[in-house]
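Asker: Data: entry29.cif, mmCIF, C-alpha atoms and all ligand atoms.
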```
data_coords
loop_
_atom_site.label_atom_id
_atom_site.label_comp_id
_atom_site.auth_asym_id
_atom_site.auth_seq_id
_atom_site.Cartn_x
_atom_site.Cartn_y
_atom_site.Cartn_z
CA MET H 1 -26.90 -6.65 13.80
CA ASP H 2 -24.08 -7.82 16.07
CA GLU H 3 -20.40 -7.04 15.65
CA ILE H 4 -18.43 -9.78 13.96
CA LEU H 5 -15.08 -7.95 13.80
CA LYS H 6 -13.56 -5.54 16.27
CA VAL H 7 -10.19 -3.89 15.52
CA GLU H 8 -8.85 -1.95 18.51
CA ASN H 9 -5.91 0.44 18.35
CA VAL H 10 -3.88 -1.84 16.09
CA ARG H 11 -0.29 -0.88 15.32
CA LYS H 12 2.14 -2.55 12.97
CA GLN H 13 5.75 -1.65 12.49
CA TYR H 14 7.98 -3.34 9.93
CA GLY H 15 11.74 -3.59 10.25
CA GLY H 16 14.17 -3.58 13.17
CA ARG H 17 15.47 -0.95 15.55
CA TYR H 18 17.30 1.10 12.90
CA ASN H 19 14.92 0.82 9.93
CA LYS H 20 11.44 1.07 11.37
CA THR H 21 8.54 1.51 8.94
CA PRO H 22 5.25 2.25 10.68
CA ALA H 23 2.42 0.80 8.59
CA LEU H 24 -0.52 0.94 11.03
CA ASN H 25 -0.62 3.65 13.70
CA GLY H 26 -3.58 2.78 15.93
CA VAL H 27 -6.41 1.61 13.67
CA SER H 28 -9.81 1.09 15.34
CA PHE H 29 -13.15 0.15 13.80
CA SER H 30 -15.75 -2.59 13.92
CA VAL H 31 -17.81 -4.47 11.35
CA LYS H 32 -21.30 -5.83 11.90
CA ARG H 33 -22.46 -9.23 10.67
CA SER H 34 -23.58 -9.10 7.00
CA GLU H 35 -22.03 -5.67 6.38
CA PHE H 36 -20.26 -4.95 3.08
CA THR H 37 -17.42 -2.58 4.01
CA GLY H 38 -14.82 -1.05 1.71
CA ILE H 39 -11.36 0.18 2.66
CA MET H 40 -9.84 2.97 0.57
CA GLY H 41 -6.73 5.09 1.00
CA PRO H 42 -3.58 6.26 -0.79
CA SER H 43 -0.82 3.86 -1.80
CA GLY H 44 1.24 2.91 1.26
CA SER H 45 -1.47 3.94 3.74
CA GLY H 46 -1.61 0.45 5.29
CA LYS H 47 -4.63 -1.21 3.62
CA THR H 48 -2.98 -4.53 2.73
CA THR H 49 -1.16 -4.61 6.06
CA LEU H 50 -4.52 -4.22 7.78
CA LEU H 51 -6.04 -7.17 5.87
CA ASN H 52 -2.92 -9.22 6.59
CA VAL H 53 -3.05 -8.67 10.35
CA ILE H 54 -6.80 -9.37 10.47
CA SER H 55 -6.25 -12.62 8.55
CA THR H 56 -3.24 -13.65 10.74
CA ILE H 57 -0.99 -13.74 7.65
CA ASP H 58 1.04 -11.06 9.45
CA SER H 59 1.17 -10.23 13.17
CA ALA H 60 0.26 -6.86 14.69
CA THR H 61 2.87 -5.10 16.85
CA SER H 62 0.17 -4.13 19.39
CA GLY H 63 -3.57 -3.72 19.75
CA ASN H 64 -6.40 -6.19 19.66
CA ILE H 65 -8.45 -7.89 16.93
CA ILE H 66 -11.51 -9.99 17.75
CA LEU H 67 -13.21 -11.95 14.98
CA ASP H 68 -16.35 -13.91 15.79
CA GLY H 69 -15.39 -13.98 19.48
CA GLN H 70 -11.79 -15.15 18.92
CA GLU H 71 -8.73 -13.03 19.76
CA VAL H 72 -6.70 -13.01 16.57
CA VAL H 73 -3.53 -11.24 17.73
CA LYS H 74 -2.50 -13.88 20.29
CA MET H 75 -2.98 -16.95 18.11
CA ASN H 76 -0.08 -19.37 17.54
CA ALA H 77 0.72 -20.69 14.05
CA ASN H 78 -1.32 -23.92 14.36
CA LYS H 79 -4.37 -22.15 15.65
CA SER H 80 -4.17 -19.36 13.09
CA ALA H 81 -4.00 -21.82 10.15
CA LYS H 82 -7.18 -23.52 11.43
CA PHE H 83 -8.76 -20.09 12.05
CA ARG H 84 -8.00 -18.96 8.46
CA ARG H 85 -9.43 -22.20 7.04
CA GLU H 86 -12.62 -22.15 9.07
CA LYS H 87 -13.45 -18.48 9.62
CA LEU H 88 -12.13 -16.61 6.57
CA GLY H 89 -12.67 -16.51 2.83
CA PHE H 90 -10.23 -14.73 0.50
CA ILE H 91 -10.59 -13.07 -2.90
CA PHE H 92 -7.30 -11.80 -4.38
CA GLN H 93 -6.54 -9.67 -7.42
CA ASP H 94 -4.70 -12.54 -9.14
CA TYR H 95 -7.45 -15.15 -8.46
CA ASN H 96 -5.11 -17.78 -6.89
CA LEU H 97 -6.98 -20.67 -8.52
CA LEU H 98 -5.16 -23.99 -8.84
CA ASP H 99 -4.44 -24.65 -12.54
CA THR H 100 -4.53 -28.45 -12.25
CA LEU H 101 -8.03 -28.51 -10.72
CA ASN H 102 -11.24 -27.76 -12.59
CA VAL H 103 -13.68 -25.09 -11.42
CA HIS H 104 -15.77 -27.56 -9.36
CA GLU H 105 -12.63 -28.93 -7.66
CA ASN H 106 -11.27 -25.43 -6.99
CA ILE H 107 -14.49 -24.40 -5.26
CA ALA H 108 -14.75 -27.74 -3.42
CA LEU H 109 -11.16 -27.87 -2.16
CA ALA H 110 -11.67 -26.20 1.23
CA LEU H 111 -14.66 -28.42 2.00
CA SER H 112 -12.70 -31.54 0.97
CA ILE H 113 -9.86 -30.51 3.30
CA GLN H 114 -12.41 -30.10 6.10
CA GLY H 115 -13.50 -33.71 5.44
CA GLU H 116 -17.09 -32.94 4.39
CA ARG H 117 -19.15 -35.72 2.78
CA PRO H 118 -18.85 -35.77 -1.05
CA GLU H 119 -22.68 -35.52 -1.53
CA LEU H 120 -22.77 -32.41 0.66
CA ILE H 121 -19.76 -30.90 -1.12
CA ASP H 122 -21.41 -31.40 -4.54
CA LYS H 123 -24.67 -29.90 -3.31
CA ASN H 124 -22.96 -26.81 -1.84
CA VAL H 125 -20.74 -26.24 -4.86
CA GLU H 126 -23.66 -26.58 -7.28
CA ASN H 127 -25.87 -24.22 -5.26
CA ILE H 128 -23.22 -21.50 -5.13
CA ALA H 129 -22.32 -22.00 -8.79
CA ARG H 130 -25.99 -21.47 -9.76
CA THR H 131 -26.25 -18.33 -7.59
CA LEU H 132 -23.05 -16.86 -9.07
CA ASN H 133 -23.80 -17.84 -12.66
CA ILE H 134 -20.87 -20.22 -13.15
CA TYR H 135 -22.76 -23.53 -13.16
CA ASP H 136 -22.07 -24.09 -16.86
CA ILE H 137 -18.29 -23.87 -16.44
CA LEU H 138 -17.91 -26.23 -13.45
CA ASN H 139 -16.04 -28.81 -15.58
CA LYS H 140 -13.65 -26.32 -17.18
CA PHE H 141 -10.11 -25.60 -16.03
CA PRO H 142 -8.90 -22.09 -15.09
CA TYR H 143 -7.03 -21.68 -18.42
CA GLN H 144 -10.32 -22.29 -20.29
CA ILE H 145 -12.30 -19.44 -18.65
CA SER H 146 -12.18 -15.63 -18.72
CA GLY H 147 -10.71 -13.34 -16.06
CA GLY H 148 -14.18 -12.29 -14.95
CA GLU H 149 -15.29 -15.93 -14.65
CA LYS H 150 -12.12 -16.77 -12.70
CA GLN H 151 -12.92 -14.02 -10.24
CA ARG H 152 -16.50 -15.27 -9.80
CA VAL H 153 -15.02 -18.74 -9.15
CA SER H 154 -12.74 -17.16 -6.50
CA ALA H 155 -15.81 -15.55 -4.93
CA ALA H 156 -17.59 -18.93 -4.88
CA ARG H 157 -14.51 -20.57 -3.36
CA ALA H 158 -14.32 -17.83 -0.72
CA ILE H 159 -17.87 -18.37 0.54
CA VAL H 160 -18.39 -22.12 0.10
CA THR H 161 -17.27 -22.79 3.69
CA ASN H 162 -19.71 -20.15 5.00
CA PRO H 163 -16.90 -18.07 6.58
CA SER H 164 -17.44 -15.41 9.25
CA LEU H 165 -15.64 -12.85 7.09
CA VAL H 166 -14.67 -12.57 3.42
CA LEU H 167 -11.51 -10.51 2.81
CA ALA H 168 -11.01 -9.13 -0.69
CA ASP H 169 -7.86 -7.26 -1.74
CA GLU H 170 -8.35 -5.29 -4.98
CA PRO H 171 -10.62 -8.01 -6.45
CA THR H 172 -11.41 -5.96 -9.58
CA GLY H 173 -7.78 -4.83 -10.06
CA ALA H 174 -7.11 -7.09 -13.05
CA LEU H 175 -10.54 -6.89 -14.66
CA ASP H 176 -11.97 -4.83 -17.53
CA SER H 177 -14.90 -2.58 -16.58
CA LYS H 178 -17.65 -5.02 -17.67
CA SER H 179 -16.12 -7.93 -15.73
CA ALA H 180 -15.53 -5.62 -12.76
CA GLN H 181 -19.22 -4.70 -12.74
CA MET H 182 -20.22 -8.38 -12.91
CA LEU H 183 -17.89 -9.22 -10.04
CA MET H 184 -19.26 -6.39 -7.90
CA GLU H 185 -22.80 -7.61 -8.63
CA THR H 186 -21.58 -11.06 -7.53
CA MET H 187 -20.17 -9.59 -4.32
CA GLN H 188 -23.49 -7.86 -3.74
CA THR H 189 -25.29 -11.17 -4.24
CA ILE H 190 -23.10 -12.99 -1.71
CA ASN H 191 -23.65 -10.10 0.71
CA LEU H 192 -27.42 -9.71 0.28
CA GLU H 193 -28.59 -13.24 -0.59
CA ILE H 194 -26.08 -15.37 1.34
CA GLY H 195 -25.49 -12.82 4.12
CA ALA H 196 -21.68 -12.86 3.81
CA THR H 197 -19.77 -10.18 5.74
CA ILE H 198 -17.23 -8.62 3.36
CA LEU H 199 -14.23 -6.37 3.91
CA MET H 200 -12.83 -5.18 0.57
CA VAL H 201 -9.76 -3.06 -0.19
CA THR H 202 -10.10 -1.15 -3.44
CA HIS H 203 -8.70 1.87 -5.29
CA ASP H 204 -11.64 1.83 -7.65
CA ILE H 205 -14.50 4.23 -6.82
CA PHE H 206 -16.95 2.33 -9.03
CA SER H 207 -16.28 -0.92 -7.11
CA ALA H 208 -16.40 0.94 -3.78
CA SER H 209 -19.82 2.37 -4.63
CA PHE H 210 -21.31 -1.16 -4.23
CA CYS H 211 -20.30 -1.17 -0.52
CA LYS H 212 -22.61 -0.06 2.27
CA ARG H 213 -19.80 1.74 4.12
CA ILE H 214 -16.29 2.93 3.28
CA LEU H 215 -13.42 3.37 5.74
CA PHE H 216 -10.77 5.80 4.50
CA ILE H 217 -7.26 5.03 5.75
CA LYS H 218 -4.47 7.58 5.73
CA ASP H 219 -1.00 7.21 7.33
CA GLY H 220 -2.06 4.02 9.10
CA VAL H 221 -5.21 5.31 10.83
CA VAL H 222 -8.89 5.55 9.91
CA PHE H 223 -9.18 9.12 8.64
CA THR H 224 -12.96 9.14 8.11
CA GLU H 225 -15.84 6.91 7.05
CA LEU H 226 -18.84 7.18 4.74
CA VAL H 227 -22.12 5.28 5.09
CA CYS H 228 -24.29 4.67 2.02
CA GLY H 229 -27.57 4.78 3.97
CA SER H 230 -30.44 5.54 1.61
CA ASP H 231 -28.19 6.97 -1.14
CA THR H 232 -28.37 5.51 -4.61
CA ARG H 233 -25.16 3.98 -5.93
CA ASN H 234 -24.56 7.11 -8.07
CA GLN H 235 -25.00 9.42 -5.09
CA PHE H 236 -22.67 7.26 -3.01
CA PHE H 237 -20.14 7.28 -5.87
CA ASP H 238 -20.14 11.12 -5.82
CA LYS H 239 -19.68 11.21 -2.04
CA ILE H 240 -16.73 8.80 -2.23
CA LEU H 241 -15.22 10.95 -4.99
CA ASN H 242 -15.52 14.04 -2.76
CA VAL H 243 -13.70 12.39 0.16
CA ILE H 244 -10.96 11.19 -2.18
CA SER H 245 -10.53 14.73 -3.52
CA LEU H 246 -10.27 15.91 0.09
CA LEU H 247 -7.61 13.27 0.72
CA GLY H 248 -5.71 14.62 -2.27
CA GLY H 249 -6.39 11.59 -4.49
CA LEU H 250 -5.52 7.91 -4.12
N1 LIG F 301 7.10 -6.49 4.36
C1 LIG F 301 7.30 -5.18 4.55
N2 LIG F 301 8.48 -4.73 5.06
C2 LIG F 301 8.68 -3.42 5.29
N3 LIG F 301 7.78 -2.45 5.03
C3 LIG F 301 6.59 -2.84 4.51
C4 LIG F 301 6.29 -4.22 4.24
N4 LIG F 301 5.03 -4.29 3.73
C5 LIG F 301 4.55 -3.03 3.67
N5 LIG F 301 5.50 -2.15 4.14
C6 LIG F 301 5.35 -0.68 4.28
O1 LIG F 301 4.21 -0.45 5.11
C7 LIG F 301 3.45 0.65 4.61
C8 LIG F 301 2.02 0.21 4.31
O2 LIG F 301 2.04 -0.72 3.22
P1 LIG F 301 0.72 -1.42 2.64
O3 LIG F 301 1.15 -2.42 1.61
O4 LIG F 301 -0.11 -1.92 3.77
O5 LIG F 301 -0.02 -0.19 1.95
P2 LIG F 301 -1.28 -0.17 0.98
O6 LIG F 301 -2.17 0.91 1.49
O7 LIG F 301 -1.86 -1.53 0.85
O8 LIG F 301 -0.61 0.27 -0.37
P3 LIG F 301 -1.02 -0.02 -1.92
O9 LIG F 301 -2.33 0.69 -2.13
O10 LIG F 301 0.09 0.60 -2.69
O11 LIG F 301 -1.11 -1.51 -2.09
C9 LIG F 301 4.21 1.18 3.40
O12 LIG F 301 5.03 2.23 3.82
C10 LIG F 301 5.03 -0.01 2.96
O13 LIG F 301 6.21 0.42 2.32
#
```
Could you quickly redo this structure as structure tokens?
Ligand SMILES: Nc1ncnc2c1ncn2[C@@H]1O[C@H](COP(=O)(O)OP(=O)(O)OP(=O)(O)O)[C@@H](O)[C@H]1O
Answerer:
Amino acid sequence: MDEILKVENVRKQYGGRYNKTPALNGVSFSVKRSEFTGIMGPSGSGKTTLLNVISTIDSATSGNIILDGQEVVKMNANKSAKFRREKLGFIFQDYNLLDTLNVHENIALALSIQGERPELIDKNVENIARTLNIYDILNKFPYQISGGEKQRVSAARAIVTNPSLVLADEPTGALDSKSAQMLMETMQTINLEIGATILMVTHDIFSASFCKRILFIKDGVVFTELVCGSDTRNQFFDKILNVISLLGGL
């Protein structure tokens, strides 16, 4: 497996000369193609900042980030908007679906913006909807579906463009435990069956136990990492719990 993402000694400081807040203090790690990696760490440890600098929503103060061969840190605004559209998929805690579009249109939007042919768009949307078990709700609007279904629609929307990397920030944060389990099974499907590379921030050990590797962030650096290897999900859950106890909780 080749490396799709390389994060090298990335620092991020918020504020000006007199009110500096260091958020990232030299983070380094890499992610291989088709890996499902989790990021865990205490509140304020820099997890969201890390996703934001990888996705060019925010700029790093120093360091280097290379995604699919492109240097992210030096991109100008025009290039980074195109980069986000073409290379990244996003799944947020609050879904971010457009209320005036139905499920099919929400999933199709990025492909329409890219100017894909309507027949191809329909085919892609329908294929993903079947895989993620949301085919029957394609004509419904976001207000007519459950939170769990909304999040599976967000997952479909995130991968319909076949992005190099899917970034998920607390995707199960607003879900009850049954919907959270269904979403994590969905994430596993897009990882194993579609081969999507996923980087997911979560506080939730159950959600994290679906990952193949967890990076633990503390005070803006990678403190340690755990690899699932041949562990069962329950064994991996226990190992994650141990590291979190060592960190003094999340
Ligand atoms: N826009 C900002 N301006 C100034 N400081 C910020 C800003 N965003 C984040 N910070 C600070 O940077 C640090 C890291 O924040 P970040 O949101 O990345 O943490 P986090 O690990 O995602 O936390 P949580 O788990 O609570 O969401 C914190 O000290 C936070 O207060």
Asker: Give the residue list for ligand LIG 301 (chain F) at 6 Å, counting all atoms listed in the file, as a PDB file with C-alpha atoms, in the coordinates of the input, sorted by chain and then by residue number.
Answerer:
```pdb
ATOM      1  CA  TYR H  14       7.980  -3.340   9.930  1.00  0.00           C
ATOM      2  CA  GLY H  15      11.740  -3.590  10.250  1.00  0.00           C
ATOM      3  CA  THR H  21       8.540   1.510   8.940  1.00  0.00           C
ATOM      4  CA  ALA H  23       2.420   0.800   8.590  1.00  0.00           C
ATOM      5  CA  PRO H  42      -3.580   6.260  -0.790  1.00  0.00           C
ATOM      6  CA  SER H  43      -0.820   3.860  -1.800  1.00  0.00           C
ATOM      7  CA  GLY H  44       1.240   2.910   1.260  1.00  0.00           C
ATOM      8  CA  SER H  45      -1.470   3.940   3.740  1.00  0.00           C
ATOM      9  CA  GLY H  46      -1.610   0.450   5.290  1.00  0.00           C
ATOM     10  CA  LYS H  47      -4.630  -1.210   3.620  1.00  0.00           C
ATOM     11  CA  THR H  48      -2.980  -4.530   2.730  1.00  0.00           C
ATOM     12  CA  THR H  49      -1.160  -4.610   6.060  1.00  0.00           C
TER      13      THR H  49
END
```
Asker: Excluding same-chain residues fewer than 6 positions from Glu35 (chain H), what lies within 9 Å of it counting all atoms listed in the file, as a list in words?
Answerer: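 Surrounding residues, per the criterion: Met1, Asn191, Gly195, Ala196, Thr197, Ile198, Leu199, Cys211, Lys212 and Arg213 of chain H.
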Asker: From the set H:Val227, H:Ile134, H:Val221, H:Val166, which residue has the shortest atom-to-atom contact distance to Met182 (chain H), counting only C-alpha atoms?
Answerer: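 Going through H:Val227, H:Ile134, H:Val221, H:Val166 one by one, the smallest distance to Met182 (chain H) is for H:Ile134.
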Asker: Can you work out the spacing between CA of Ala60 (chain H) and CA of Leu109 (chain H) in Å, to one decimal?
Answerer: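 Taking CA of Ala60 (chain H) and CA of Leu109 (chain H), their separation equals 29.3 Å.
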Asker: My list of candidates is H:Thr37, H:Asn162, H:Asn242, H:Thr61. Which is closest to Phe210 (chain H) when distances are computed with all atoms listed in the file?
Answerer: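 Using all atoms listed in the file, the shortest distance to Phe210 (chain H) belongs to H:Thr37.
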Asker: Quote the spacing between CA of Gly26 (chain H) and CA of Arg11 (chain H) in Å to one decimal place.
Answerer: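 Value for the CA of Gly26 (chain H)-CA of Arg11 (chain H) distance: 5.0 Å.
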Asker: Using all atoms listed in the file, which residues sit within 9 Å of Ile57 (chain H) once same-chain residues fewer than 2 positions away are excluded, as a list in words?
Answerer: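 In the requested form, the answer reads Leu51, Asn52, Val53, Ile54, Ser55, Ser59, Ser80, Ala81 and Arg84 of chain H.
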Asker: CA of Leu250 (chain H) to CA of Thr189 (chain H): how many Å, to one decimal?
Answerer: 27.5 Å
Asker: Find, counting all atoms listed in the file, the residue in H:Thr202, H:Gln13, H:Thr186, H:Ser230 that gets nearest to Gly173 (chain H).
Answerer: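 Among H:Thr202, H:Gln13, H:Thr186, H:Ser230, it is H:Thr202 that comes nearest to Gly173 (chain H).
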